[in-house]
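Shown below: upload-v9.txt, with compact mmCIF, C-alpha atoms.
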```
# COMPACT_ATOMS: atom_id res chain seq x y z
CA MET A 1 -7.05 0.69 -3.52
CA PRO A 2 -10.50 -0.61 -4.39
CA LYS A 3 -12.62 2.32 -5.56
CA PRO A 4 -15.33 3.59 -3.19
CA GLY A 5 -18.41 1.40 -3.57
CA ILE A 6 -16.45 -1.54 -5.00
CA LEU A 7 -16.78 -4.68 -2.92
CA ASP A 8 -13.53 -5.44 -1.08
CA PRO A 9 -13.82 -9.06 0.06
CA GLN A 10 -10.34 -9.09 1.62
CA GLY A 11 -11.12 -6.01 3.69
CA ARG A 12 -14.50 -7.44 4.66
CA ALA A 13 -12.87 -10.65 5.84
CA VAL A 14 -10.31 -8.77 7.92
CA ALA A 15 -12.98 -6.50 9.44
CA GLY A 16 -15.08 -9.53 10.32
CA SER A 17 -12.20 -11.22 12.11
CA LEU A 18 -11.15 -8.27 14.28
CA PRO A 19 -13.86 -8.66 16.96
CA HIS A 20 -12.57 -12.20 17.55
CA LEU A 21 -9.18 -10.63 18.31
CA GLY A 22 -10.72 -8.28 20.86
CA VAL A 23 -10.69 -5.26 18.54
CA ASP A 24 -14.17 -3.74 18.49
CA ASN A 25 -13.49 -0.15 17.45
CA VAL A 26 -12.57 -0.67 13.80
CA SER A 27 -15.65 -0.14 11.65
CA ALA A 28 -14.16 -0.53 8.17
CA VAL A 29 -11.11 -2.12 6.56
CA ARG A 30 -9.99 -1.76 2.98
CA VAL A 31 -7.00 -3.65 1.59
CA GLY A 32 -4.98 -2.61 -1.43
CA ARG A 33 -1.44 -2.76 -2.79
CA ARG A 34 1.55 -0.51 -2.42
CA VAL A 35 4.25 -0.56 -5.08
CA GLU A 36 7.58 1.22 -4.64
CA LEU A 37 9.48 1.95 -7.84
CA THR A 38 13.04 3.16 -8.34
CA VAL A 39 12.97 5.22 -11.53
CA ASP A 40 15.89 6.62 -13.49
CA ALA A 41 14.74 9.82 -15.19
CA ALA A 42 16.08 13.22 -16.16
CA ASP A 43 13.85 15.04 -13.71
CA ALA A 44 10.94 14.57 -11.33
CA ALA A 45 8.34 15.24 -14.03
CA ALA A 46 9.75 12.52 -16.27
CA ALA A 47 9.86 10.08 -13.36
CA ARG A 48 6.26 10.89 -12.49
CA ALA A 49 5.19 10.34 -16.10
CA THR A 50 6.72 6.85 -16.03
CA VAL A 51 5.02 6.03 -12.74
CA GLU A 52 1.65 7.40 -13.87
CA ARG A 53 1.76 5.27 -17.01
CA LEU A 54 2.60 2.15 -15.01
CA ALA A 55 0.00 2.85 -12.32
CA GLY A 56 -2.78 3.45 -14.79
CA GLU A 57 -1.96 0.80 -17.38
CA VAL A 58 -0.10 -1.99 -15.58
CA PHE A 59 -0.51 -2.03 -11.81
CA ALA A 60 -4.14 -0.97 -11.37
CA ASN A 61 -7.37 -2.18 -12.92
CA PRO A 62 -8.97 1.18 -13.69
CA ILE A 63 -12.47 -0.31 -13.61
CA ILE A 64 -12.32 -1.18 -9.94
CA GLU A 65 -9.14 0.35 -8.50
CA ALA A 66 -8.02 3.87 -7.72
CA TRP A 67 -4.37 4.84 -7.35
CA ALA A 68 -2.24 7.68 -6.09
CA ILE A 69 1.41 8.57 -6.52
CA GLU A 70 3.76 9.71 -3.79
CA ALA A 71 7.40 10.73 -4.16
CA LEU A 72 9.55 9.10 -1.51
CA PRO A 73 12.87 10.46 -0.25
CA GLY A 74 15.71 9.06 -2.31
CA GLU A 75 18.69 9.87 -4.45
CA GLY A 76 17.94 12.86 -6.61
CA VAL A 77 14.24 13.12 -5.80
CA SER A 78 13.08 16.68 -6.08
CA MET B 1 6.45 -3.59 2.79
CA PRO B 2 9.13 -6.27 2.64
CA LYS B 3 12.05 -5.21 4.84
CA PRO B 4 15.23 -4.06 3.08
CA GLY B 5 17.28 -7.10 2.16
CA ILE B 6 14.28 -9.43 2.22
CA LEU B 7 13.66 -11.16 -1.09
CA ASP B 8 10.53 -9.76 -2.77
CA PRO B 9 9.61 -12.27 -5.47
CA GLN B 10 6.51 -10.34 -6.54
CA GLY B 11 8.52 -7.16 -7.01
CA ARG B 12 11.24 -9.08 -8.85
CA ALA B 13 8.69 -10.56 -11.23
CA VAL B 14 7.17 -7.16 -11.97
CA ALA B 15 10.60 -5.58 -12.49
CA GLY B 16 11.55 -8.38 -14.85
CA SER B 17 8.44 -7.91 -16.96
CA LEU B 18 8.71 -4.13 -17.41
CA PRO B 19 11.35 -4.19 -20.21
CA HIS B 20 8.93 -6.32 -22.25
CA LEU B 21 6.41 -3.47 -21.89
CA GLY B 22 8.93 -0.96 -23.20
CA VAL B 23 9.75 0.44 -19.77
CA ASP B 24 13.53 0.41 -19.33
CA ASN B 25 14.08 3.11 -16.70
CA VAL B 26 12.70 1.32 -13.63
CA SER B 27 15.56 -0.33 -11.77
CA ALA B 28 13.72 -1.72 -8.75
CA VAL B 29 10.16 -2.68 -7.77
CA ARG B 30 8.93 -3.64 -4.34
CA VAL B 31 5.36 -4.75 -3.72
CA GLY B 32 3.56 -4.57 -0.39
CA ARG B 33 0.09 -4.05 1.06
CA ARG B 34 -1.84 -0.97 2.05
CA VAL B 35 -4.60 -1.28 4.62
CA GLU B 36 -7.03 1.56 5.36
CA LEU B 37 -8.83 1.37 8.69
CA THR B 38 -11.75 3.39 10.01
CA VAL B 39 -11.24 3.56 13.77
CA ASP B 40 -13.63 4.84 16.40
CA ALA B 41 -11.57 6.26 19.27
CA ALA B 42 -11.69 9.05 21.82
CA ASP B 43 -8.75 10.86 20.28
CA ALA B 44 -6.00 10.54 17.69
CA ALA B 45 -3.59 8.91 20.16
CA ALA B 46 -6.07 6.17 21.01
CA ALA B 47 -6.79 5.57 17.34
CA ARG B 48 -3.08 5.35 16.61
CA ALA B 49 -2.60 2.84 19.44
CA THR B 50 -5.25 0.59 17.92
CA VAL B 51 -3.66 0.83 14.48
CA GLU B 52 -0.15 0.22 15.82
CA ARG B 53 -1.29 -2.91 17.59
CA LEU B 54 -3.01 -4.23 14.47
CA ALA B 55 -0.09 -3.34 12.19
CA GLY B 56 2.48 -5.00 14.41
CA GLU B 57 0.53 -8.05 15.53
CA VAL B 58 -2.04 -8.82 12.83
CA PHE B 59 -1.32 -7.27 9.45
CA ALA B 60 2.46 -7.51 9.21
CA ASN B 61 4.88 -10.37 9.72
CA PRO B 62 7.52 -8.56 11.82
CA ILE B 63 10.24 -10.99 10.74
CA ILE B 64 10.13 -9.96 7.10
CA GLU B 65 7.84 -6.92 6.84
CA ALA B 66 8.14 -3.28 7.88
CA TRP B 67 5.12 -1.03 8.31
CA ALA B 68 4.29 2.63 8.72
CA ILE B 69 1.16 4.47 9.85
CA GLU B 70 -0.36 7.49 8.16
CA ALA B 71 -3.42 9.46 9.29
CA LEU B 72 -5.76 10.12 6.37
CA PRO B 73 -8.26 12.98 6.16
CA GLY B 74 -11.58 11.92 7.61
CA GLU B 75 -14.25 12.64 10.13
CA GLY B 76 -12.68 13.81 13.36
CA VAL B 77 -9.09 13.07 12.41
CA SER B 78 -6.73 15.42 14.22
```

Please render this file's structure as structure tokens.
Amino acid sequence: MPKPGILDPQGRAVAGSLPHLGVDNVSAVRVGRRVELTVDAADAAAARATVERLAGEVFANPIIEAWAIEALPGEGVS
Amino acid sequence: MPKPGILDPQGRAVAGSLPHLGVDNVSAVRVGRRVELTVDAADAAAARATVERLAGEVFANPIIEAWAIEALPGEGVS
């Protein structure tokens, strides 16, 4: 997601269009990406290490984007 | 997120590039969007109704995309 305070032009555009759709109770919109990864690793800690490296070095621009990791239900997730 | 079975070219491209970055234990990547909304509503049910309408009719293409709603910590969220 864009970090707090970082301009989010896509979210601004969406927020500006909602009143034209009859939606007048949404005061802020922020748009980001969601990436789901299937990781083969010996354990949950090793899988998380892979995902943290990718999130911080590949998927996100650390200057302007924040990221979070969530384990989803799946084979062998613990 | 792209529905299961729907081709995800962005995810495919990312997955194909990871071995070149030395990451060989990620077998699948799917890329979608995350939208955070600040909603003014009388209660949580009304806020959820607004978000469900927007998710199903505005933000997602129901033919090829699935969506889920999550309540985030914030002022008055219950």

Query raised in the report: If we count all atoms listed in the file, what is near Ala66 (chain A) at a cut-off of 7 Å, once residues fewer than 4 positions away on the same chain are taken out, given as a list in words?
Result: Met1, Pro2, Lys3 and Pro62 of chain A

Residues just named, written with C-alpha atoms as a PDB file, in the frame of the given file:
```
ATOM      1  CA  MET A   1      -7.050   0.690  -3.520  1.00  0.00           C
ATOM      2  CA  PRO A   2     -10.500  -0.610  -4.390  1.00  0.00           C
ATOM      3  CA  LYS A   3     -12.620   2.320  -5.560  1.00  0.00           C
ATOM      4  CA  PRO A  62      -8.970   1.180 -13.690  1.00  0.00           C
TER       5      PRO A  62
END
```

List as a tab-separated table every residue of chain A that is in contact with chain B, defined as an atom at most 6 Å from one of its atoms (using all atoms listed in the file), together with the nearest atom pair and the distance in Å rounded to one decimal, sorted by chain and then rising number.
```
residue	atom	partner	partner_atom	distance
A:Asn25	CA	B:Asp40	CA	5.1
A:Val26	CA	B:Val39	CA	4.4
A:Ser27	CA	B:Thr38	CA	5.5
A:Ala28	CA	B:Thr38	CA	5.0
A:Val29	CA	B:Leu37	CA	4.7
A:Arg30	CA	B:Glu36	CA	5.0
A:Val31	CA	B:Val35	CA	4.5
A:Gly32	CA	B:Arg34	CA	5.0
A:Arg33	CA	B:Arg33	CA	4.3
A:Arg34	CA	B:Gly32	CA	5.0
A:Val35	CA	B:Val31	CA	4.5
A:Glu36	CA	B:Arg30	CA	5.1
A:Leu37	CA	B:Val29	CA	4.7
A:Thr38	CA	B:Ala28	CA	4.9
A:Val39	CA	B:Val26	CA	4.4
A:Asp40	CA	B:Asn25	CA	5.1
```

Requested in this report: Have a look at B:Ala60, B:Glu65, B:Ala55, B:Pro19 and name the one nearest to Leu7 (chain B); count all atoms listed in the file.
Outcome: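 Closest residue, counting all atoms listed in the file: B:Glu65.
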
Requested in this report: Work out how far CA of Arg48 (chain B) is from CA of Ile6 (chain A), in Å to one decimal.
Outcome: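 Answer for the CA of Ile6 (chain A) to CA of Arg48 (chain B) separation: 26.3 Å.
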
Report summary line: Computed gap from CA of Ser17 (chain A) to CA of Ala68 (chain B) is 21.8 Å

Please return the centre and edge lengths, in Å to one decimal, of a box with edges along x, y and z that contains all listed atoms of region 40-59 of chain B, widened by 6 Å on every side, as AutoDock Vina command-line options.
```
--center_x -5.6 --center_y 1.0 --center_z 15.6 --size_x 28.1 --size_y 31.7 --size_z 24.4
```

Query raised in the report: So how many Å separate CA of Trp67 (chain B) and CA of Ala46 (chain B), to one decimal?
Result: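 Going from CA of Trp67 (chain B) over to CA of Ala46 (chain B), I get 18.4 Å.
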